[in-house]
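Chemist: Here you go, one structure.
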Amino acid sequence: MTLDRAAVVARHRVVADGILGRSPPAVGNGEFAFTVDVTGLQSLPDHYPLPDRYGQGVGTLLATMAQWGWHSIPPRGEESRGLASTMRRYDTAHGPADFVDLGGTLSATAQDGLTPAEEWLRANPHRLDLARIGLWTADTAGTAGPGSTVRAADLTGIHQELDPARGVITSRFRLRGRRFTVRTAVHPGRDAVGVEITAEEGAAVGLALAFPYGSGAWGNAADWSRPGAHRTRLCREHGGRRIEHTLDGTRYTVHVHGPDLTVENGGDGGDSGDGGDSGDGTGPHRVTVRGSGSRLVCAVEFTPGGGSGGTPDGPDLTGEEVLAAAASGWASFWSSGAAVDLSGSTDPRAAELERRIVLSQYLTRIHCAGSLPPAETGLTANSWRGKFHLEMHWWHAAHFPAWGRPELLERSLAWYDTIRPRARATAARQGLPGVRWPKQTGPSGEETPSDIGPFLLWQQPHPIHLAELVRRARPGDRETLERWAPLVLDTAAFMAALPERTPRGFELAPPLVPAQESYAADRRRLRNPAFELAYWAWALGVADDWRARLGLRRCERWRRVADALVPPRVRDGVYAAIDVPPYTLRTDHPSMLGALGVVPMTPLVDPAVMERTLESVLADWDWDSAWGWDFPMAAMTATRLGRPDLAVRALLLDVPKNRHLPNGHNRQDDSLPLYLPGNGGLLAAVALMVGGWEGAARTAPGFGPGWSVRHEGFVPLP
């Protein structure tokens, strides 16, 4: 029976009848996102605070971000020493090698002892908050002066709905007693916000656009304290509807489309960027867009570059066209790929799980389906300054092909091609063939100084795994095989060369940091993390299978390494996280579970030992120190072990870091108020629990009594 997909999505509209400061809704398309407050715009930034992790101030969750929007503050003095100044020599199984490192120390709240170069490299490049777009209003009789900003105290009768089926946010409220309705959407193929504002007669309406400088702080992507460091220019030669913003080497253009609009400088009317700017839209980096009377319909489009290079990719858009295109684009999304309906379940947790499933699809489509691997906070805030972590790429995007949408993963998978020369140089510097992928990076693929990232291993097999998921979604497609083969084979070449041969077999030798990063201080002596061993063996086998499918001779070296890797250490009947003391710290990620769950069955893993390991983890792990993807990881392990009772329990553990806000986001703490690996991980776990894996039953193996799981369109996992 065909599922009523529309009914499933309609059950999970996001509704707010007041200011929910931790839970703002957003609209977007994977390349561009716009996060809003209860006015449907960004009028109340202070009511949606984002504390900085390192005490450098408070930003806001209301942001306008694009995949191309990056900035670097020009380095000065010792900041200019570059990445070479962070290299430190380590002994490896293949001889001495230089690694990007960190001389100081990092904690959740402080950065101590970093050199100026290290501080600059960690803070740059950073993603930009491109503009703040708030509501502008005035009394048509002129009694409110030239225009007034919105205060929360002026709002009553708030009712806001995000309709994920159409990608439209509708916001209704009274502002100083007058009724307002604002509809907001983002175009599916262009970086454009469509806005429709309708006010009660007697109110003139418009938009107040303010432009900040870039920020190298944690989380906060806007710096309003340096108005003289950048330039905002209203270009009269384009009818006054084109705004160019220049920040050092970054330049972009904002185009305002729509009929009967008046666009003019705000503040003192200057366009030089001199003078103060508090960030409330009253300084020189401000532009006001006014409609005719009590209604405004317009599109605000962002393009990289200035002058002729900042021209939109297509004809001028109207606000109505953006709203209509968004509705059409989201209808296509929800009608494609996989779907699941839990409404017939008697288990009381079913409605909440279905809500998380629907909203996680919406959020990952907005934030994780672009041309770059996403940051943990996507296109809403600058966790790690907006840089992305490649060990998290799997958690963000592996679900797309499993849900029958491989093209949404391929967008960011293609980015690896652009950094392959840099990754090859990293491997060569360490005396190895192939490519060594970075951990924390920006668009260029340059590693970030850290005492963890450059030593991490588990991002290395991810491109093989992700490419294999795409191939499985398109079985028999030679073009897909050939498209991703260089990525798979180059990755495998490094992986096969890295392990050290010892009398025990092949070992993952120091320096390394496992997925459970608690052991980073011991990176010079760590060996054989359980998850990475199984992942290494499986991924090398998959890469060798790709060679056979391509008509190439199988690689004896790859198979020999995969078959002779030492098994994970067992202590007290359960798997240890690592092969040396302290063996297992019961904080952070219980990463040994990934050796069967994220990774399919391999000869390295004994299912009976893994089942005892899972039960032990669920019994007494410090879940307050875990992360949002740990819960779906445990659910995947339980599913592959045939324990649906534990799978559902793990997926829905009621602990702070496994809760999902009204807007669907998986909040971790104040500095990580949204965490997309938790959303993507949930969808990957559900794909395994519902759609199963190759050779498994097709009857929702991850669910037990009390669950009615109707589904269609899933691609079985490996």
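Just so we're on the same page: first chain in the structure tokens is A, next is B, and so on; residues restart at 1 for each chain, and ligands are numbered from 1 in the order they show up.
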DSSP on the backbone, strand (DSSP E) only: what residues of range 18-202 of chain A does that give? Format it as an NGL selection string.
Modeler: :A and (26-28 or 32-35 or 49-51 or 58-60 or 64-66 or 70-71 or 87-92 or 95-100 or 105-106 or 111-112 or 126-127 or 132-139 or 155-163 or 168-175 or 178-186 or 192-199)
Chemist: List as a ChimeraX atom specification the protein and nucleic acid residues near Thr377 in chain A, meaning an atom at most 7 Å away when only C-alpha atoms are counted, but skip any in the same chain fewer than 2 places from it.
Modeler: /A:375,379-383,674-676
Chemist: Would you mind telling me which residue in A:Met65, A:Ala208, A:Leu363, A:Leu296 lies nearest to Asn265 in chain A when using only C-alpha atoms?
Modeler: A:Ala208
Chemist: Quick one: residues within 10 Å of Gly291 in chain A, only C-alpha atoms counted, chain neighbours fewer than 5 positions away excluded, as a list in words?
Modeler: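 Non-adjacent residues within range: Ile197, Ala204, Val205, Gly206, Leu207, Gly258, Pro259, Asp260, Leu261, Thr262, Val263, Leu296, Val297 and Cys298 of chain A.
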Chemist: Please, could you write that set of residues out with C-alpha atoms as an mmCIF file, in the first residue's frame?
Modeler:
```cif
data_model
loop_
_atom_site.group_PDB
_atom_site.id
_atom_site.type_symbol
_atom_site.label_atom_id
_atom_site.label_comp_id
_atom_site.auth_asym_id
_atom_site.auth_seq_id
_atom_site.Cartn_x
_atom_site.Cartn_y
_atom_site.Cartn_z
ATOM 1 C CA ILE A 197 4.612 41.126 4.411
ATOM 2 C CA ALA A 204 4.019 51.145 6.146
ATOM 3 C CA VAL A 205 6.239 48.056 5.910
ATOM 4 C CA GLY A 206 9.692 47.162 4.668
ATOM 5 C CA LEU A 207 12.964 45.456 5.466
ATOM 6 C CA GLY A 258 10.341 43.336 -6.586
ATOM 7 C CA PRO A 259 7.884 45.987 -7.807
ATOM 8 C CA ASP A 260 7.273 49.360 -6.193
ATOM 9 C CA LEU A 261 10.289 49.221 -3.900
ATOM 10 C CA THR A 262 12.332 52.061 -2.476
ATOM 11 C CA VAL A 263 15.888 51.091 -1.489
ATOM 12 C CA LEU A 296 5.659 44.291 0.532
ATOM 13 C CA VAL A 297 6.583 41.328 -1.648
ATOM 14 C CA CYS A 298 10.224 40.983 -2.634
#
```
Chemist: Could you give me, as a ChimeraX atom specification, the residues within 7 Å of range 116-124 of chain A, counting only C-alpha atoms and dropping anything in the same chain fewer than 4 positions from it?
Modeler: /A:72-73,78-82,216-217,385,448-449
Chemist: Please produce a file of the residues just selected, as a compact mmCIF listing (two decimals), in the first residue's frame, where the atoms kept are N, CA and C atoms.
Modeler:
```
# COMPACT_ATOMS: atom_id res chain seq x y z
N SER A 72 38.45 35.73 5.83
CA SER A 72 39.63 35.66 6.69
C SER A 72 40.04 37.06 7.09
N ILE A 73 40.29 37.26 8.37
CA ILE A 73 40.85 38.52 8.84
C ILE A 73 42.34 38.54 8.47
N GLU A 78 53.26 37.84 13.83
CA GLU A 78 53.49 36.40 13.99
C GLU A 78 52.30 35.57 13.51
N GLU A 79 51.15 36.18 13.36
CA GLU A 79 50.00 35.44 12.82
C GLU A 79 50.28 34.93 11.41
N SER A 80 51.21 35.59 10.72
CA SER A 80 51.48 35.27 9.32
C SER A 80 52.43 34.09 9.14
N ARG A 81 52.84 33.46 10.21
CA ARG A 81 53.87 32.42 10.08
C ARG A 81 53.34 31.19 9.35
N GLY A 82 52.04 30.96 9.35
CA GLY A 82 51.45 29.91 8.53
C GLY A 82 51.50 28.53 9.15
N GLY A 216 35.90 35.77 13.94
CA GLY A 216 36.66 34.55 14.17
C GLY A 216 36.34 33.90 15.49
N ALA A 217 35.27 34.36 16.16
CA ALA A 217 34.88 33.79 17.45
C ALA A 217 34.14 32.48 17.25
N ARG A 385 34.08 27.83 14.21
CA ARG A 385 34.19 28.95 13.25
C ARG A 385 33.60 28.62 11.88
N THR A 448 43.59 22.21 10.29
CA THR A 448 43.58 23.20 11.36
C THR A 448 44.48 22.71 12.50
N PRO A 449 45.34 23.57 13.05
CA PRO A 449 46.19 23.12 14.15
C PRO A 449 45.36 22.57 15.31
```
Chemist: With a distance cut-off of 10 Å and only C-alpha atoms, select the neighbouring residues of Phe99 in chain A, excluding the residue or stretch itself and same-chain residues fewer than 4 positions from it, and output the selection as number ranges by chain.
Modeler: A: 84, 86-90, 426, 429-430, 447, 449-451, 454-455, 511
Chemist: Which residue gives the smallest distance to Phe302 in chain A among A:Leu130, A:Leu596, A:Met392, A:Ala397, with only C-alpha atoms counted?
Modeler: A:Leu130
Chemist: Between CA of Ala326 in chain A and CA of Pro188 in chain A, what is the distance in Å, rounded to a tenth?
Modeler: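 According to the coordinates, CA of Ala326 in chain A and CA of Pro188 in chain A are separated by 5.6 Å.
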Chemist: Distance table requested - range 330-350 of chain A against range 405-415 of chain A, cut-off 10 Å, only C-alpha atoms: one row per qualifying residue with the closest atom pair and its distance in Å to one decimal, ordered by chain and rising residue number, as a Markdown table.
Modeler:
```
| residue | atom | partner | partner_atom | distance |
| --- | --- | --- | --- | --- |
| A:Phe333 | CA | A:Arg405 | CA | 9.0 |
| A:Ser336 | CA | A:Arg405 | CA | 7.6 |
| A:Gly337 | CA | A:Arg405 | CA | 5.6 |
| A:Ala338 | CA | A:Arg405 | CA | 8.2 |
```
Chemist: From a DSSP calculation on the backbone, collect every residue of range 283-339 of chain A in helix (DSSP H, G or I) and output the set as a ChimeraX atom specification.
Modeler: /A:307-310,319-335
Chemist: Tell me which of A:Gln459, A:Ser335, A:Thr318, A:Thr587 sits closest to Ala6 in chain A, counting only C-alpha atoms.
Modeler: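 Checking each of A:Gln459, A:Ser335, A:Thr318, A:Thr587 against Ala6 in chain A, counting only C-alpha atoms, the winner is A:Ser335.
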Chemist: Could you name the residues that touch Arg5 in chain A at 12 Å or less, counting only C-alpha atoms, but leaving out those on the same chain fewer than 5 positions away, as a list in words?
Modeler: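 Returned residues: Ala10, Arg11, His12, Ala165, Ala331, Ser332, Phe333, Trp334, Ser335, Ser336, Gly337, Ala338, Ala339, Val340, Asp341, Leu342, Ser343, Val358, Arg710, His711, Glu712 and Gly713 of chain A.
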Chemist: Could you write out the selected residues, including N, CA, C and O atoms, as a JSON list (two decimals), in the first residue's frame?
Modeler:
```json
[["chain", "number", "residue", "atom", "x", "y", "z"],
["A", 10, "ALA", "N", 2.56, 16.47, 7.27],
["A", 10, "ALA", "CA", 1.65, 17.48, 7.82],
["A", 10, "ALA", "C", 1.48, 17.35, 9.33],
["A", 10, "ALA", "O", 1.18, 18.34, 10.01],
["A", 11, "ARG", "N", 1.69, 16.14, 9.86],
["A", 11, "ARG", "CA", 1.54, 15.95, 11.30],
["A", 11, "ARG", "C", 2.61, 16.69, 12.10],
["A", 11, "ARG", "O", 2.49, 16.82, 13.32],
["A", 12, "HIS", "N", 3.65, 17.15, 11.41],
["A", 12, "HIS", "CA", 4.82, 17.63, 12.16],
["A", 12, "HIS", "C", 5.23, 19.04, 11.76],
["A", 12, "HIS", "O", 6.42, 19.36, 11.65],
["A", 165, "ALA", "N", 6.30, 20.74, 4.51],
["A", 165, "ALA", "CA", 5.85, 20.22, 3.22],
["A", 165, "ALA", "C", 6.06, 21.23, 2.10],
["A", 165, "ALA", "O", 6.24, 20.85, 0.94],
["A", 331, "ALA", "N", 7.77, 19.86, -2.41],
["A", 331, "ALA", "CA", 6.85, 18.80, -2.81],
["A", 331, "ALA", "C", 7.59, 17.68, -3.53],
["A", 331, "ALA", "O", 7.35, 16.49, -3.29],
["A", 332, "SER", "N", 8.55, 18.05, -4.39],
["A", 332, "SER", "CA", 9.35, 17.04, -5.08],
["A", 332, "SER", "C", 10.21, 16.26, -4.11],
["A", 332, "SER", "O", 10.38, 15.03, -4.24],
["A", 333, "PHE", "N", 10.78, 16.96, -3.12],
["A", 333, "PHE", "CA", 11.61, 16.28, -2.13],
["A", 333, "PHE", "C", 10.82, 15.22, -1.37],
["A", 333, "PHE", "O", 11.24, 14.07, -1.26],
["A", 334, "TRP", "N", 9.67, 15.61, -0.85],
["A", 334, "TRP", "CA", 8.90, 14.68, -0.02],
["A", 334, "TRP", "C", 8.28, 13.54, -0.83],
["A", 334, "TRP", "O", 8.01, 12.46, -0.28],
["A", 335, "SER", "N", 8.09, 13.74, -2.12],
["A", 335, "SER", "CA", 7.52, 12.67, -2.94],
["A", 335, "SER", "C", 8.58, 11.72, -3.48],
["A", 335, "SER", "O", 8.26, 10.70, -4.08],
["A", 336, "SER", "N", 9.86, 12.05, -3.27],
["A", 336, "SER", "CA", 10.96, 11.21, -3.75],
["A", 336, "SER", "C", 11.58, 10.47, -2.58],
["A", 336, "SER", "O", 11.32, 10.76, -1.41],
["A", 337, "GLY", "N", 12.42, 9.49, -2.89],
["A", 337, "GLY", "CA", 13.15, 8.80, -1.85],
["A", 337, "GLY", "C", 12.26, 7.97, -0.95],
["A", 337, "GLY", "O", 11.14, 7.58, -1.31],
["A", 338, "ALA", "N", 12.74, 7.71, 0.25],
["A", 338, "ALA", "CA", 12.05, 6.81, 1.18],
["A", 338, "ALA", "C", 11.11, 7.59, 2.08],
["A", 338, "ALA", "O", 11.19, 8.81, 2.21],
["A", 339, "ALA", "N", 10.22, 6.84, 2.72],
["A", 339, "ALA", "CA", 9.28, 7.40, 3.69],
["A", 339, "ALA", "C", 8.92, 6.32, 4.69],
["A", 339, "ALA", "O", 8.97, 5.13, 4.39],
["A", 340, "VAL", "N", 8.55, 6.75, 5.89],
["A", 340, "VAL", "CA", 8.14, 5.81, 6.93],
["A", 340, "VAL", "C", 6.98, 6.42, 7.71],
["A", 340, "VAL", "O", 6.93, 7.63, 7.96],
["A", 341, "ASP", "N", 6.02, 5.57, 8.07],
["A", 341, "ASP", "CA", 4.81, 5.98, 8.79],
["A", 341, "ASP", "C", 4.71, 5.11, 10.04],
["A", 341, "ASP", "O", 4.60, 3.88, 9.95],
["A", 342, "LEU", "N", 4.75, 5.74, 11.21],
["A", 342, "LEU", "CA", 4.68, 5.02, 12.48],
["A", 342, "LEU", "C", 3.34, 5.19, 13.17],
["A", 342, "LEU", "O", 3.17, 4.82, 14.34],
["A", 343, "SER", "N", 2.35, 5.76, 12.47],
["A", 343, "SER", "CA", 1.11, 6.16, 13.13],
["A", 343, "SER", "C", 0.29, 5.00, 13.68],
["A", 343, "SER", "O", -0.53, 5.19, 14.56],
["A", 358, "VAL", "N", 10.80, 13.17, 10.54],
["A", 358, "VAL", "CA", 10.36, 14.14, 9.54],
["A", 358, "VAL", "C", 11.20, 15.42, 9.61],
["A", 358, "VAL", "O", 11.72, 15.91, 8.60],
["A", 710, "ARG", "N", 5.29, 1.17, 8.62],
["A", 710, "ARG", "CA", 4.99, 1.12, 7.20],
["A", 710, "ARG", "C", 6.03, 1.97, 6.48],
["A", 710, "ARG", "O", 6.29, 3.11, 6.88],
["A", 711, "HIS", "N", 6.62, 1.42, 5.43],
["A", 711, "HIS", "CA", 7.73, 2.15, 4.81],
["A", 711, "HIS", "C", 7.84, 1.79, 3.34],
["A", 711, "HIS", "O", 7.31, 0.78, 2.86],
["A", 712, "GLU", "N", 8.57, 2.65, 2.61],
["A", 712, "GLU", "CA", 8.83, 2.41, 1.20],
["A", 712, "GLU", "C", 10.07, 3.20, 0.79],
["A", 712, "GLU", "O", 10.40, 4.23, 1.38],
["A", 713, "GLY", "N", 10.78, 2.66, -0.20],
["A", 713, "GLY", "CA", 11.86, 3.40, -0.85],
["A", 713, "GLY", "C", 13.23, 3.29, -0.24],
["A", 713, "GLY", "O", 14.17, 3.93, -0.73]]
```
Chemist: Which residue is closest to Ser360 in chain A? Choose from A:Val648, A:Val609, A:Ala562, A:Ala684 and count only C-alpha atoms.
Modeler: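 Closest candidate: A:Ala684.
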Chemist: List the spatial neighbours of range 20-27 of chain A as a JSON list (two decimals) with C-alpha atoms, in the first residue's frame - criterion: any atom at most 6 Å away, only C-alpha atoms, same-chain residues fewer than 4 positions off excluded.
Modeler:
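See result16.json below for the written result:
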```json
[["chain", "number", "residue", "atom", "x", "y", "z"],
["A", 33, "ALA", "CA", 19.83, 29.15, 4.74],
["A", 34, "PHE", "CA", 17.93, 31.87, 6.54],
["A", 35, "THR", "CA", 17.08, 31.43, 10.25],
["A", 36, "VAL", "CA", 14.29, 33.62, 11.62],
["A", 37, "ASP", "CA", 12.51, 34.78, 14.74],
["A", 47, "HIS", "CA", 16.14, 37.01, 22.07],
["A", 48, "TYR", "CA", 17.84, 34.08, 20.31],
["A", 185, "ALA", "CA", 10.86, 30.98, 1.99],
["A", 186, "VAL", "CA", 14.13, 30.26, 0.17],
["A", 663, "ASN", "CA", 12.25, 22.97, 15.59]]
```
Chemist: Of the residues A:Pro164, A:Pro499, A:Gly642, A:Pro673, which is the one nearest to Lys657 in chain A, using only C-alpha atoms?
Modeler: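 With only C-alpha atoms as the atom set, the closest residue is A:Pro673.
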Chemist: So which one's closest to Leu683 in chain A, A:Arg365, A:Arg233, A:Arg527, A:Arg420? Using only C-alpha atoms, please.
Modeler: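 Among the listed residues, the smallest separation from Leu683 in chain A belongs to A:Arg365.
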Chemist: Could you tell me how far CA of Trp627 in chain A sits from CA of Arg659 in chain A, in Å to one decimal place?
Modeler: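 Separation between CA of Arg659 in chain A and CA of Trp627 in chain A: 11.0 Å.
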